[in-house]
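**Q** You'll find start_32.tsv just under this line, and it carries TSV, C-alpha atoms.
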chain	number	residue	atom	x	y	z
M	203	MET	CA	11.84	33.31	2.47
M	204	LYS	CA	11.41	32.39	-1.20
M	205	VAL	CA	11.83	28.71	-2.09
M	206	CYS	CA	12.16	27.05	-5.49
M	207	VAL	CA	11.19	23.37	-5.94
M	208	ILE	CA	12.80	21.54	-8.86
M	209	GLY	CA	10.58	18.88	-10.48
M	210	SER	CA	7.03	18.23	-11.63
M	211	GLY	CA	5.76	14.93	-10.14
M	212	GLY	CA	3.63	13.90	-7.19
M	213	ARG	CA	6.54	14.23	-4.77
M	214	GLU	CA	7.22	17.78	-5.94
M	215	HIS	CA	3.51	18.65	-5.73
M	216	ALA	CA	3.57	17.48	-2.09
M	217	LEU	CA	6.78	19.42	-1.37
M	218	ALA	CA	5.45	22.64	-2.92
M	219	TRP	CA	2.12	22.25	-1.09
M	220	ARG	CA	3.80	21.70	2.30
M	221	LEU	CA	6.26	24.55	1.78
M	222	SER	CA	3.43	26.90	0.74
M	223	ILE	CA	1.77	26.46	4.17
M	224	SER	CA	5.05	26.84	6.11
M	225	PRO	CA	5.08	30.13	8.10
M	226	SER	CA	8.67	30.98	7.09
M	227	VAL	CA	7.92	30.67	3.35
M	228	THR	CA	6.53	33.72	1.55
M	229	LYS	CA	6.73	32.42	-2.04
M	230	VAL	CA	7.16	29.06	-3.77
M	231	TYR	CA	8.40	28.68	-7.35
M	232	ALA	CA	8.29	25.37	-9.26
M	233	VAL	CA	10.74	24.55	-12.06
M	234	PRO	CA	9.09	23.49	-14.30
M	235	GLY	CA	6.26	22.29	-12.05
M	236	SER	CA	2.93	21.06	-13.38
M	237	ALA	CA	-0.43	22.72	-14.00
M	238	ALA	CA	-1.73	21.14	-10.79
M	239	MET	CA	1.05	22.79	-8.78
M	240	SER	CA	-0.09	26.28	-9.80
M	241	GLY	CA	-2.40	26.29	-6.77
M	242	CYS	CA	0.58	26.38	-4.40
M	243	ALA	CA	3.51	27.61	-6.54
M	244	GLU	CA	4.35	29.95	-9.39
M	245	LEU	CA	5.36	27.84	-12.40
M	246	VAL	CA	8.63	28.73	-14.12
M	247	GLY	CA	9.17	27.30	-17.61
M	248	ILE	CA	12.88	26.57	-17.30
M	249	ASP	CA	14.53	23.18	-17.83
M	250	TRP	CA	16.83	22.46	-14.85
M	251	LYS	CA	19.49	21.38	-17.37
M	252	GLN	CA	19.72	25.04	-18.49
M	253	THR	CA	21.81	25.68	-15.39
M	254	GLU	CA	23.00	29.20	-16.22
M	255	HIS	CA	19.48	30.30	-17.12
M	256	LEU	CA	18.16	28.75	-13.88
M	257	ILE	CA	20.83	30.42	-11.72
M	258	GLN	CA	20.07	33.79	-13.32
M	259	PHE	CA	16.36	33.37	-12.57
M	260	LEU	CA	17.08	32.41	-8.94
M	261	LYS	CA	19.33	35.43	-8.46
M	262	ASP	CA	16.98	37.86	-10.24
M	263	ASN	CA	14.12	36.73	-8.00
M	264	GLN	CA	16.22	36.58	-4.83
M	265	VAL	CA	15.35	32.95	-4.12
M	266	ASP	CA	16.66	31.93	-0.70
M	267	LEU	CA	16.57	28.14	-0.99
M	268	VAL	CA	16.32	25.52	-3.76
M	269	VAL	CA	14.75	22.12	-3.01
M	270	ILE	CA	15.65	19.46	-5.59
M	271	GLY	CA	12.92	16.82	-5.87
M	272	PRO	CA	13.93	14.11	-8.37
M	273	GLU	CA	17.06	11.97	-8.49
M	274	ALA	CA	18.22	12.86	-12.03
M	275	PRO	CA	19.29	16.49	-11.30
M	276	LEU	CA	20.99	15.38	-8.07
M	277	VAL	CA	22.99	12.64	-9.81
M	278	ALA	CA	23.85	15.12	-12.59
M	279	GLY	CA	25.31	17.60	-10.06
M	280	LEU	CA	22.75	20.43	-10.05
M	281	SER	CA	23.26	20.90	-6.32
M	282	ASP	CA	26.99	21.56	-6.86
M	283	SER	CA	26.32	24.17	-9.57
M	284	LEU	CA	23.82	26.07	-7.40
M	285	CYS	CA	26.05	25.93	-4.30
M	286	SER	CA	28.96	27.26	-6.39
M	287	ALA	CA	26.73	30.20	-7.34
M	288	GLY	CA	26.11	30.90	-3.64
M	289	ILE	CA	22.52	29.60	-3.59
M	290	PRO	CA	21.58	27.40	-0.59
M	291	VAL	CA	20.32	23.95	-1.65
M	292	PHE	CA	18.39	21.16	0.04
M	293	GLY	CA	19.74	18.14	-1.84
M	294	PRO	CA	23.07	16.28	-1.87
M	295	SER	CA	26.10	16.88	-4.08
M	296	LYS	CA	26.79	14.80	-7.17
M	297	ALA	CA	29.35	12.78	-5.19
M	298	ALA	CA	26.99	12.05	-2.28
M	299	ALA	CA	24.06	11.33	-4.65
M	300	GLN	CA	26.00	8.31	-5.94
M	301	LEU	CA	24.36	6.60	-2.97
M	302	GLU	CA	21.29	6.37	-5.24
M	303	GLY	CA	22.89	6.86	-8.65
M	304	SER	CA	25.03	3.72	-8.39
M	305	LYS	CA	23.96	0.54	-6.62
M	306	VAL	CA	27.60	-0.61	-6.80
M	307	PHE	CA	28.83	2.55	-5.04
M	308	ALA	CA	26.21	2.12	-2.30
M	309	LYS	CA	26.95	-1.60	-1.75
M	310	GLU	CA	30.72	-1.07	-1.63
M	311	LEU	CA	30.34	1.84	0.83
M	312	MET	CA	28.14	-0.32	3.08
M	313	LYS	CA	30.66	-3.16	2.88
M	314	ARG	CA	33.56	-0.87	3.86
M	315	TYR	CA	31.71	0.52	6.87
M	316	ASP	CA	29.92	-2.67	8.03
M	317	ILE	CA	26.44	-1.31	7.37
M	318	PRO	CA	23.94	-4.22	7.35
M	319	THR	CA	22.67	-5.14	3.87
M	320	ALA	CA	22.16	-8.22	1.68
M	321	ALA	CA	25.16	-10.25	0.45
M	322	TYR	CA	25.83	-9.45	-3.21
M	323	GLY	CA	27.93	-9.73	-6.35
M	324	VAL	CA	28.63	-7.19	-9.15
M	325	PHE	CA	28.62	-8.27	-12.80
M	326	SER	CA	28.87	-6.80	-16.28
M	327	ASP	CA	28.78	-10.01	-18.33
M	328	VAL	CA	25.93	-12.48	-18.57
M	329	GLU	CA	27.85	-15.72	-18.02
M	330	SER	CA	29.52	-14.76	-14.73
M	331	ALA	CA	26.19	-13.34	-13.50
M	332	LYS	CA	24.45	-16.64	-14.33
M	333	SER	CA	27.20	-18.57	-12.57
M	334	PHE	CA	26.59	-16.51	-9.40
M	335	ILE	CA	22.83	-17.17	-9.71
M	336	ASP	CA	23.52	-20.92	-10.01
M	337	ASP	CA	25.69	-20.85	-6.89
M	338	THR	CA	23.21	-18.75	-4.86
M	339	GLY	CA	19.89	-20.18	-6.05
M	340	ALA	CA	16.48	-18.50	-6.04
M	341	PRO	CA	14.69	-16.43	-4.93
M	342	ILE	CA	17.30	-13.80	-5.75
M	343	VAL	CA	17.29	-10.08	-6.57
M	344	VAL	CA	18.72	-8.51	-9.75
M	345	LYS	CA	19.27	-4.72	-9.84
M	346	ALA	CA	20.43	-2.38	-12.61
M	347	ASP	CA	23.38	-0.34	-11.29
M	348	GLY	CA	22.08	3.09	-12.35
M	349	LEU	CA	18.84	5.07	-12.35
M	350	ALA	CA	15.87	3.22	-13.87
M	351	ALA	CA	12.83	5.19	-12.64
M	352	GLY	CA	12.03	2.67	-9.91
M	353	LYS	CA	11.79	-0.21	-12.37
M	354	GLY	CA	15.37	-1.51	-12.38
M	355	VAL	CA	14.83	-4.18	-9.71
M	356	VAL	CA	13.65	-7.72	-10.40
M	357	VAL	CA	12.81	-10.04	-7.50
M	358	ALA	CA	13.29	-13.39	-9.27
M	359	MET	CA	11.47	-16.29	-7.64
M	360	THR	CA	13.14	-18.86	-9.93
M	361	VAL	CA	16.60	-19.26	-11.48
M	362	ASP	CA	15.06	-18.90	-14.95
M	363	GLU	CA	13.48	-15.58	-13.97
M	364	ALA	CA	16.87	-14.39	-12.70
M	365	TYR	CA	18.55	-15.48	-15.97
M	366	ALA	CA	15.92	-13.55	-17.95
M	367	ALA	CA	16.44	-10.41	-15.84
M	368	VAL	CA	20.22	-10.55	-16.32
M	369	GLU	CA	19.87	-11.07	-20.08
M	370	ASP	CA	17.29	-8.28	-20.30
M	371	MET	CA	19.56	-5.79	-18.52
M	372	LEU	CA	23.03	-6.79	-19.78
M	373	SER	CA	22.30	-8.07	-23.32
M	374	GLY	CA	18.88	-6.59	-24.03
M	375	ASN	CA	20.05	-3.10	-22.99
M	376	ARG	CA	16.65	-2.46	-21.39
M	377	PHE	CA	17.93	0.33	-19.12
M	378	GLY	CA	20.74	1.63	-21.37
M	379	GLU	CA	23.77	2.88	-19.44
M	380	ALA	CA	21.97	2.22	-16.13
M	381	GLY	CA	21.93	-1.53	-16.81
M	382	HIS	CA	25.44	-2.13	-18.20
M	383	THR	CA	26.39	-3.39	-14.74
M	384	VAL	CA	24.11	-5.33	-12.41
M	385	VAL	CA	24.14	-6.04	-8.69
M	386	ILE	CA	22.79	-9.46	-7.75
M	387	GLU	CA	21.74	-9.83	-4.12
M	388	GLU	CA	20.58	-12.53	-1.76
M	389	PHE	CA	16.83	-12.47	-1.17
M	390	MET	CA	16.09	-10.98	2.27
M	391	VAL	CA	13.09	-12.24	4.21
M	392	GLY	CA	11.06	-9.75	6.23
M	393	GLU	CA	8.78	-6.76	5.94
M	394	GLU	CA	9.91	-3.52	4.27
M	395	ALA	CA	9.73	-0.01	5.67
M	396	SER	CA	10.94	3.39	4.46
M	397	LEU	CA	12.80	5.59	6.94
M	398	LEU	CA	13.51	9.07	5.63
M	399	ALA	CA	15.65	11.58	7.49
M	400	PHE	CA	16.62	15.25	7.35
M	401	VAL	CA	20.42	15.57	7.13
M	402	ASP	CA	22.67	18.67	7.35
M	403	GLY	CA	25.98	16.94	6.56
M	404	GLU	CA	26.43	15.68	10.12
M	405	THR	CA	23.18	15.72	12.11
M	406	VAL	CA	20.55	13.13	11.12
M	407	VAL	CA	16.92	13.58	12.25
M	408	PRO	CA	14.50	10.78	11.32
M	409	MET	CA	11.02	11.32	9.91
M	410	ILE	CA	7.98	9.15	10.61
M	411	ALA	CA	8.41	5.65	9.15
M	412	SER	CA	6.24	4.73	6.16
M	413	GLN	CA	5.63	1.61	4.10
M	414	ASP	CA	5.61	1.63	0.29
M	415	HIS	CA	3.81	-0.93	-1.90
M	416	LYS	CA	6.05	-1.56	-4.93
M	417	ARG	CA	4.19	-4.31	-6.81
M	418	ILE	CA	1.41	-3.40	-9.23
M	419	PHE	CA	-1.25	-5.83	-7.94
M	420	ASP	CA	-2.89	-6.62	-4.59
M	421	GLY	CA	-1.06	-9.09	-2.37
M	422	ASP	CA	2.32	-7.86	-3.66
M	423	LYS	CA	1.86	-9.61	-7.02
M	424	GLY	CA	3.11	-8.58	-10.45
M	425	PRO	CA	6.09	-6.45	-11.51
M	426	ASN	CA	7.73	-3.69	-9.48
M	427	THR	CA	6.59	-0.12	-10.02
M	428	GLY	CA	7.72	3.27	-8.77
M	429	GLY	CA	5.26	2.74	-5.89
M	430	MET	CA	1.50	2.07	-5.83
M	431	GLY	CA	0.73	3.54	-2.43
M	432	THR	CA	1.99	4.06	1.08
M	433	TYR	CA	0.95	4.86	4.63
M	434	ALA	CA	2.47	6.35	7.77
M	435	PRO	CA	3.31	5.71	10.50
M	436	ALA	CA	4.31	2.09	9.75
M	437	PRO	CA	3.99	-0.07	12.91
M	438	VAL	CA	6.57	-2.59	11.61
M	439	LEU	CA	9.29	-0.05	12.44
M	440	THR	CA	8.84	0.22	16.21
M	441	ASP	CA	10.63	2.97	18.16
M	442	GLU	CA	13.21	0.37	19.18
M	443	LEU	CA	13.84	-0.75	15.57
M	444	ARG	CA	13.97	2.86	14.37
M	445	ASP	CA	16.63	3.64	16.97
M	446	GLU	CA	18.56	0.54	15.86
M	447	ALA	CA	18.32	1.63	12.20
M	448	MET	CA	19.60	5.09	13.15
M	449	ARG	CA	22.50	3.57	15.13
M	450	THR	CA	23.55	0.91	12.60
M	451	ILE	CA	22.53	2.42	9.24
M	452	LEU	CA	21.60	6.11	8.87
M	453	ASN	CA	24.12	7.71	11.24
M	454	PRO	CA	26.99	5.47	10.02
M	455	VAL	CA	26.33	6.11	6.32
M	456	VAL	CA	26.19	9.90	6.84
M	457	LYS	CA	29.45	9.75	8.83
M	458	ALA	CA	31.01	7.51	6.15
M	459	LEU	CA	30.17	9.99	3.38
M	460	ALA	CA	31.55	12.88	5.44
M	461	ASP	CA	34.73	10.91	6.18
M	462	GLU	CA	35.14	10.27	2.44
M	463	GLY	CA	34.87	13.97	1.63
M	464	MET	CA	31.29	14.05	0.34
M	465	PRO	CA	29.09	15.36	3.18
M	466	TYR	CA	25.41	14.55	2.68
M	467	VAL	CA	22.85	17.38	2.81
M	468	GLY	CA	19.15	16.86	2.13
M	469	CYS	CA	16.69	14.03	2.57
M	470	LEU	CA	18.25	10.60	3.02
M	471	TYR	CA	15.91	7.72	2.20
M	472	ALA	CA	16.70	4.31	3.63
M	473	GLY	CA	14.61	1.46	2.27
M	474	LEU	CA	14.84	-1.14	5.03
M	475	MET	CA	14.06	-4.84	5.34
M	476	ILE	CA	13.09	-5.75	8.89
M	477	THR	CA	14.74	-9.18	9.17
M	478	ASP	CA	15.11	-11.55	12.13
M	479	GLU	CA	18.63	-10.12	12.51
M	480	GLY	CA	17.37	-6.53	12.61
M	481	PRO	CA	17.00	-3.80	9.95
M	482	LYS	CA	19.06	-4.18	6.77
M	483	VAL	CA	19.38	-1.83	3.78
M	484	VAL	CA	17.40	-2.70	0.65
M	485	GLU	CA	18.36	0.57	-1.07
M	486	PHE	CA	19.26	4.18	-0.42
M	487	ASN	CA	17.67	7.10	-2.25
M	488	ALA	CA	19.21	10.56	-2.29
M	489	ARG	CA	15.87	12.41	-2.03
M	490	PHE	CA	12.32	12.20	-0.73
M	491	GLY	CA	10.53	9.01	-1.80
M	492	ASP	CA	7.54	9.01	-4.10
M	493	PRO	CA	4.87	8.25	-2.81
M	494	GLU	CA	6.30	8.35	0.76
M	495	THR	CA	6.49	12.16	0.64
M	496	GLN	CA	2.74	12.34	0.10
M	497	VAL	CA	2.05	10.73	3.52
M	498	VAL	CA	5.04	11.88	5.58
M	499	LEU	CA	4.83	15.63	4.93
M	500	PRO	CA	1.12	16.02	5.84
M	501	LEU	CA	2.04	14.61	9.29
M	502	LEU	CA	4.85	17.14	9.87
M	503	ASP	CA	3.97	19.58	12.66
M	504	SER	CA	6.94	21.93	12.13
M	505	ASP	CA	8.00	24.55	9.59
M	506	LEU	CA	9.37	22.60	6.58
M	507	GLY	CA	11.07	25.70	5.14
M	508	GLU	CA	13.00	26.31	8.36
M	509	ILE	CA	14.05	22.65	8.62
M	510	MET	CA	15.32	22.58	5.03
M	511	MET	CA	17.21	25.86	5.44
M	512	SER	CA	18.82	24.50	8.63
M	513	CYS	CA	19.97	21.46	6.64
M	514	ALA	CA	21.42	23.66	3.89
M	515	LYS	CA	23.23	25.81	6.47
M	516	GLY	CA	24.47	22.88	8.59
M	517	THR	CA	22.55	23.95	11.71
M	518	LEU	CA	19.85	21.26	12.00
M	519	LYS	CA	18.56	20.51	15.52
M	520	ALA	CA	16.40	17.51	16.43
M	521	GLU	CA	13.90	19.70	18.32
M	522	GLU	CA	13.08	21.56	15.07
M	523	VAL	CA	11.29	18.44	13.78
M	524	ARG	CA	7.90	17.61	15.34
M	525	TRP	CA	5.12	15.26	14.21
M	526	LYS	CA	1.33	15.09	14.51
M	527	GLN	CA	-0.22	12.17	16.39
M	528	SER	CA	-2.24	11.03	13.37
M	529	SER	CA	-2.05	8.86	10.23
M	530	ALA	CA	-1.94	9.28	6.47
M	531	ALA	CA	-2.51	6.88	3.57
M	532	CYS	CA	-1.84	7.39	-0.14
M	533	VAL	CA	-3.31	5.28	-2.95
M	534	ILE	CA	-1.79	5.74	-6.41
M	535	LEU	CA	-4.15	5.77	-9.40
M	536	ALA	CA	-2.17	4.46	-12.38
M	537	SER	CA	-2.91	4.56	-16.09
M	538	LYS	CA	-3.77	1.68	-18.38
M	539	GLY	CA	-0.76	-0.54	-19.15
M	540	TYR	CA	1.41	0.64	-16.24
M	541	PRO	CA	4.18	-0.29	-15.38
M	542	GLU	CA	5.18	-1.64	-18.82
M	543	THR	CA	3.58	1.28	-20.69
M	544	SER	CA	1.39	4.25	-19.84
M	545	SER	CA	-1.73	5.63	-21.46
M	546	LYS	CA	-1.73	9.38	-22.07
M	547	GLY	CA	-4.54	11.77	-22.86
M	548	ASP	CA	-7.35	9.99	-20.96
M	549	VAL	CA	-9.72	12.54	-19.42
M	550	ILE	CA	-9.79	12.54	-15.59
M	551	LYS	CA	-13.34	12.89	-14.27
M	552	GLY	CA	-14.47	13.75	-10.77
M	553	ASP	CA	-13.45	16.04	-7.94
M	554	ILE	CA	-9.70	16.34	-7.46
M	555	GLU	CA	-9.61	19.50	-5.33
M	556	PRO	CA	-7.71	19.42	-1.99
M	557	TYR	CA	-9.71	19.25	1.28
M	558	ASP	CA	-8.85	19.15	5.00
M	559	THR	CA	-9.08	15.36	5.27
M	560	THR	CA	-8.12	14.33	1.71
M	561	ILE	CA	-5.57	15.72	-0.73
M	562	VAL	CA	-5.00	14.71	-4.36
M	563	PHE	CA	-1.40	15.08	-5.54
M	564	HIS	CA	-0.73	14.96	-9.28
M	565	SER	CA	2.01	12.58	-10.39
M	566	GLY	CA	1.39	12.45	-14.14
M	567	THR	CA	-1.29	14.82	-15.42
M	568	LYS	CA	-1.59	17.60	-17.98
M	569	LEU	CA	-4.16	20.36	-18.37
M	570	VAL	CA	-5.73	20.30	-21.85
M	571	ASP	CA	-8.70	22.59	-22.70
M	572	HIS	CA	-9.42	23.18	-18.98
M	573	GLN	CA	-9.51	19.43	-18.27
M	574	TYR	CA	-6.85	17.30	-16.60
M	575	VAL	CA	-5.76	14.28	-18.65
M	576	THR	CA	-3.39	11.41	-17.88
M	577	ASP	CA	0.25	12.08	-18.79
M	578	GLY	CA	2.24	9.25	-17.24
M	579	GLY	CA	2.15	5.85	-15.58
M	580	ARG	CA	1.33	7.00	-12.08
M	581	VAL	CA	-1.38	9.62	-12.49
M	582	LEU	CA	-2.73	10.73	-9.10
M	583	GLY	CA	-1.88	10.09	-5.44
M	584	VAL	CA	-5.05	10.21	-3.34
M	585	VAL	CA	-4.18	10.90	0.30
M	586	GLY	CA	-6.47	10.37	3.26
M	587	LEU	CA	-5.72	11.86	6.70
M	588	GLY	CA	-7.16	10.75	10.03
M	589	LYS	CA	-6.68	10.13	13.73
M	590	ASP	CA	-5.75	6.52	12.94
M	591	LEU	CA	-4.78	4.46	9.88
M	592	GLN	CA	-8.24	2.95	9.30
M	593	THR	CA	-9.79	6.43	9.15
M	594	ALA	CA	-7.08	7.63	6.76
M	595	LEU	CA	-7.57	4.61	4.49
M	596	ASP	CA	-11.37	4.96	4.54
M	597	ARG	CA	-11.04	8.59	3.50
M	598	ALA	CA	-8.56	7.86	0.69
M	599	TYR	CA	-10.60	4.99	-0.76
M	600	GLY	CA	-13.84	6.93	-0.25
M	601	ARG	CA	-12.39	9.77	-2.29
M	602	ILE	CA	-11.33	7.41	-5.10
M	603	GLU	CA	-14.97	6.43	-5.62
M	604	HIS	CA	-15.51	9.93	-7.05
M	605	ILE	CA	-12.55	9.90	-9.47
M	606	SER	CA	-12.28	8.02	-12.77
M	607	PHE	CA	-10.42	7.80	-16.07
M	608	ASP	CA	-10.22	5.17	-18.78
M	609	GLY	CA	-8.18	2.14	-17.67
M	610	MET	CA	-7.63	3.47	-14.13
M	611	GLN	CA	-5.94	0.86	-11.91
M	612	TYR	CA	-5.07	0.90	-8.22
M	613	ARG	CA	-4.39	-1.43	-5.33
M	614	LYS	CA	-7.24	-2.17	-2.90
M	615	ASP	CA	-4.94	-3.42	-0.11
M	616	ILE	CA	-2.76	-0.43	0.79
M	617	GLY	CA	-2.02	-0.54	4.53
M	618	ALA	CA	-3.31	-4.09	5.02
M	619	LYS	CA	-0.01	-5.28	6.54
M	620	ALA	CA	-0.35	-2.73	9.35
M	621	PHE	CA	-3.36	-4.60	10.75
M	622	LYS	CA	-1.71	-8.03	10.89
Show me this structure written as structure tokens.

**A**
Amino acid sequence: MKVCVIGSGGREHALAWRLSISPSVTKVYAVPGSAAMSGCAELVGIDWKQTEHLIQFLKDNQVDLVVIGPEAPLVAGLSDSLCSAGIPVFGPSKAAAQLEGSKVFAKELMKRYDIPTAAYGVFSDVESAKSFIDDTGAPIVVKADGLAAGKGVVVAMTVDEAYAAVEDMLSGNRFGEAGHTVVIEEFMVGEEASLLAFVDGETVVPMIASQDHKRIFDGDKGPNTGGMGTYAPAPVLTDELRDEAMRTILNPVVKALADEGMPYVGCLYAGLMITDEGPKVVEFNARFGDPETQVVLPLLDSDLGEIMMSCAKGTLKAEEVRWKQSSAACVILASKGYPETSSKGDVIKGDIEPYDTTIVFHSGTKLVDHQYVTDGGRVLGVVGLGKDLQTALDRAYGRIEHISFDGMQYRKDIGAKAFK
């Protein structure tokens, strides 16, 4: 079958790469893709917002399945437009994508259906938000309601930090529309894990658990980013805890959305906090995580194209999804100034070709005069593969020694928690 991946980041590079080696897939298109994706997909210079133009292209080229990578097109309703045109889609409807598009929607849904998550309040004015912070105390978590590219969450360790975050979002208009309402949550204590699942509207099949590293600096210091690295499998989510998360979180939320008339189809991402009381929801995403995708998909031992088509058709079976008995680690190389700013145009030196034991996925690069240059905050995701996590990490970090660009920054402690 022919598959079209929407998007151009590291996640989409990983999706296109994995689909290109799936036996059922004969051709991969990327809209718009990136220069680096040309090795595994044919690039199509269409903006996904040009919906009619996109649908015409998909029909003219007899594309069998569309896989939507980023959150913005999902929240905007691209999936609905393509489904209406009779094109199968892996990716939830606009209604179901509210699970990521609105923190308030997600929290209220969890409250209605008794899905474990942090206690919270919702505010759109600074004074009432500050009053809630005073009553709750710190540490406390402040989240912009809408999409903020992974940067709309502040874990405030003091009341003053929480005040500043609220003022920044509500008065300072830092995230525009996305920050006109904030969710303020109790601080949950525990270790985080990401549990992604394939969903066909009813059936939920979990993927291998991974662990993201959100803070910019080693030791989980500094501001939140879109993700500085990840590894899989994550030992913190034992088989027993995964089963509990499926029973109390993923299955109930998929059933809740179906019951409310918005069946969920695609990848469901549950960011979990493993607390003393069991797994609780930190956040839901309506798509594959970035950089979780870069470590989860290389460990898949099944045909990704077939699995995604089964989701789109509502025929997913658990036995379709099999995993390798090995490990993967991804270290993000970020540009100078990230996450506050990003440096563009810095020449990337070194070997960034894919190999059997290491793969380099491009998150923010551009090809200029036959050279790749930086073109975003997160630039490259260097993935190491191995029989165990230490081998995977050694290969990823070993590969990084041969890559450089001006101001390159990365964490040296990805995966460290797994060995504690």

**Q** Of the residues M:Gly468, M:Gly421, M:Pro493, M:Gly431, which is the one nearest to Leu276 of chain M, using all atoms listed in the file?

**A** M:Gly468

**Q** Which residue out of M:Leu301, M:Leu267, M:Ala598, M:Cys532 has the minimum interatomic distance to Asp414 of chain M when only C-alpha atoms are used?

**A**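 When distances to Asp414 of chain M are compared using only C-alpha atoms, the smallest one comes from M:Cys532.
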
**Q** Name the closest residue to Pro541 of chain M among the candidates M:Leu595, M:Ile616, M:Leu587, M:Ile418; distances are taken between atoms, counting only C-alpha atoms.

**A**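 Among the listed residues, the smallest separation from Pro541 of chain M belongs to M:Ile418.
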
**Q** Quick check, in Å to one decimal: how far apart do atom CA of Ser304 of chain M and atom CA of Ala278 of chain M lie?

**A**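 Distance between the two atoms: 12.2 Å.
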
**Q** Which one of M:Glu273, M:Asp553, M:Glu485, M:Glu404 sits closest to Lys515 of chain M if you count all atoms listed in the file?

**A**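 Looking at the shortest contact to Lys515 of chain M, the residue is M:Glu404.
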
**Q** Could you check the closest approach to Arg597 of chain M for each of M:Ala460, M:Ala530, M:Leu506, M:Val406 and tell me which residue wins, using only C-alpha atoms?

**A**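 Once distances to Arg597 of chain M are computed over only C-alpha atoms, the minimum belongs to M:Ala530.
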
**Q** Which value, in Å to one decimal, gives the distance between atom CA of Gly247 of chain M and atom CA of Asp571 of chain M?

**A**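 Atom CA of Gly247 of chain M sits 19.2 Å away from atom CA of Asp571 of chain M.
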
**Q** Could you list as a compact mmCIF listing (two decimals) with C-alpha atoms, keeping the file's coordinate frame every residue that has an atom within 12 Å of (0.7, 14.9, 18.3), using the file's coordinates and counting all atoms listed in the file?

**A**
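Listing of selection21.txt after writing:
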# COMPACT_ATOMS: atom_id res chain seq x y z
CA LEU M 501 2.04 14.61 9.29
CA LEU M 502 4.85 17.14 9.87
CA ASP M 503 3.97 19.58 12.66
CA SER M 504 6.94 21.93 12.13
CA ARG M 524 7.90 17.61 15.34
CA TRP M 525 5.12 15.26 14.21
CA LYS M 526 1.33 15.09 14.51
CA GLN M 527 -0.22 12.17 16.39
CA SER M 528 -2.24 11.03 13.37
CA SER M 529 -2.05 8.86 10.23
CA LYS M 589 -6.68 10.13 13.73
CA ASP M 590 -5.75 6.52 12.94

**Q** With 12 Å as the cut-off and only C-alpha atoms counted, what is the closest atom pair between each nearby residue of segment 271-365 of chain M and segment 223-244 of chain M? Distances in Å to one decimal, ordered by chain and number, as a Markdown table.

**A**
| residue | atom | partner | partner_atom | distance |
| --- | --- | --- | --- | --- |
| M:Gly271 | CA | M:Val233 | CA | 10.1 |
| M:Pro272 | CA | M:Val233 | CA | 11.5 |
| M:Pro275 | CA | M:Val233 | CA | 11.8 |

**Q** Would you kindly return, as a PyMOL selection string, each protein, DNA or RNA residue with an atom no farther than 12 Å from any atom of His564 of chain M, considering only C-alpha atoms and excluding same-chain residues fewer than 2 positions away?

**A** chain M and resi 210-219+235-241+492-493+496+532-536+550+554-556+561-562+566-569+574-585

**Q** Print the selection's residues with C-alpha atoms to a file, as a tab-separated table (two decimals), keeping the file's coordinate frame.

**A**
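And here is the file that came out, result.tsv:
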chain	number	residue	atom	x	y	z
M	210	SER	CA	7.03	18.23	-11.63
M	211	GLY	CA	5.76	14.93	-10.14
M	212	GLY	CA	3.63	13.90	-7.19
M	213	ARG	CA	6.54	14.23	-4.77
M	214	GLU	CA	7.22	17.78	-5.94
M	215	HIS	CA	3.51	18.65	-5.73
M	216	ALA	CA	3.57	17.48	-2.09
M	217	LEU	CA	6.78	19.42	-1.37
M	218	ALA	CA	5.45	22.64	-2.92
M	219	TRP	CA	2.12	22.25	-1.09
M	235	GLY	CA	6.26	22.29	-12.05
M	236	SER	CA	2.93	21.06	-13.38
M	237	ALA	CA	-0.43	22.72	-14.00
M	238	ALA	CA	-1.73	21.14	-10.79
M	239	MET	CA	1.05	22.79	-8.78
M	240	SER	CA	-0.09	26.28	-9.80
M	241	GLY	CA	-2.40	26.29	-6.77
M	492	ASP	CA	7.54	9.01	-4.10
M	493	PRO	CA	4.87	8.25	-2.81
M	496	GLN	CA	2.74	12.34	0.10
M	532	CYS	CA	-1.84	7.39	-0.14
M	533	VAL	CA	-3.31	5.28	-2.95
M	534	ILE	CA	-1.79	5.74	-6.41
M	535	LEU	CA	-4.15	5.77	-9.40
M	536	ALA	CA	-2.17	4.46	-12.38
M	550	ILE	CA	-9.79	12.54	-15.59
M	554	ILE	CA	-9.70	16.34	-7.46
M	555	GLU	CA	-9.61	19.50	-5.33
M	556	PRO	CA	-7.71	19.42	-1.99
M	561	ILE	CA	-5.57	15.72	-0.73
M	562	VAL	CA	-5.00	14.71	-4.36
M	566	GLY	CA	1.39	12.45	-14.14
M	567	THR	CA	-1.29	14.82	-15.42
M	568	LYS	CA	-1.59	17.60	-17.98
M	569	LEU	CA	-4.16	20.36	-18.37
M	574	TYR	CA	-6.85	17.30	-16.60
M	575	VAL	CA	-5.76	14.28	-18.65
M	576	THR	CA	-3.39	11.41	-17.88
M	577	ASP	CA	0.25	12.08	-18.79
M	578	GLY	CA	2.24	9.25	-17.24
M	579	GLY	CA	2.15	5.85	-15.58
M	580	ARG	CA	1.33	7.00	-12.08
M	581	VAL	CA	-1.38	9.62	-12.49
M	582	LEU	CA	-2.73	10.73	-9.10
M	583	GLY	CA	-1.88	10.09	-5.44
M	584	VAL	CA	-5.05	10.21	-3.34
M	585	VAL	CA	-4.18	10.90	0.30

**Q** In Å to one decimal, how far is atom CA of Ala299 of chain M from atom CA of Val277 of chain M?

**A**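 Separation of atom CA of Val277 of chain M and atom CA of Ala299 of chain M: 5.4 Å.
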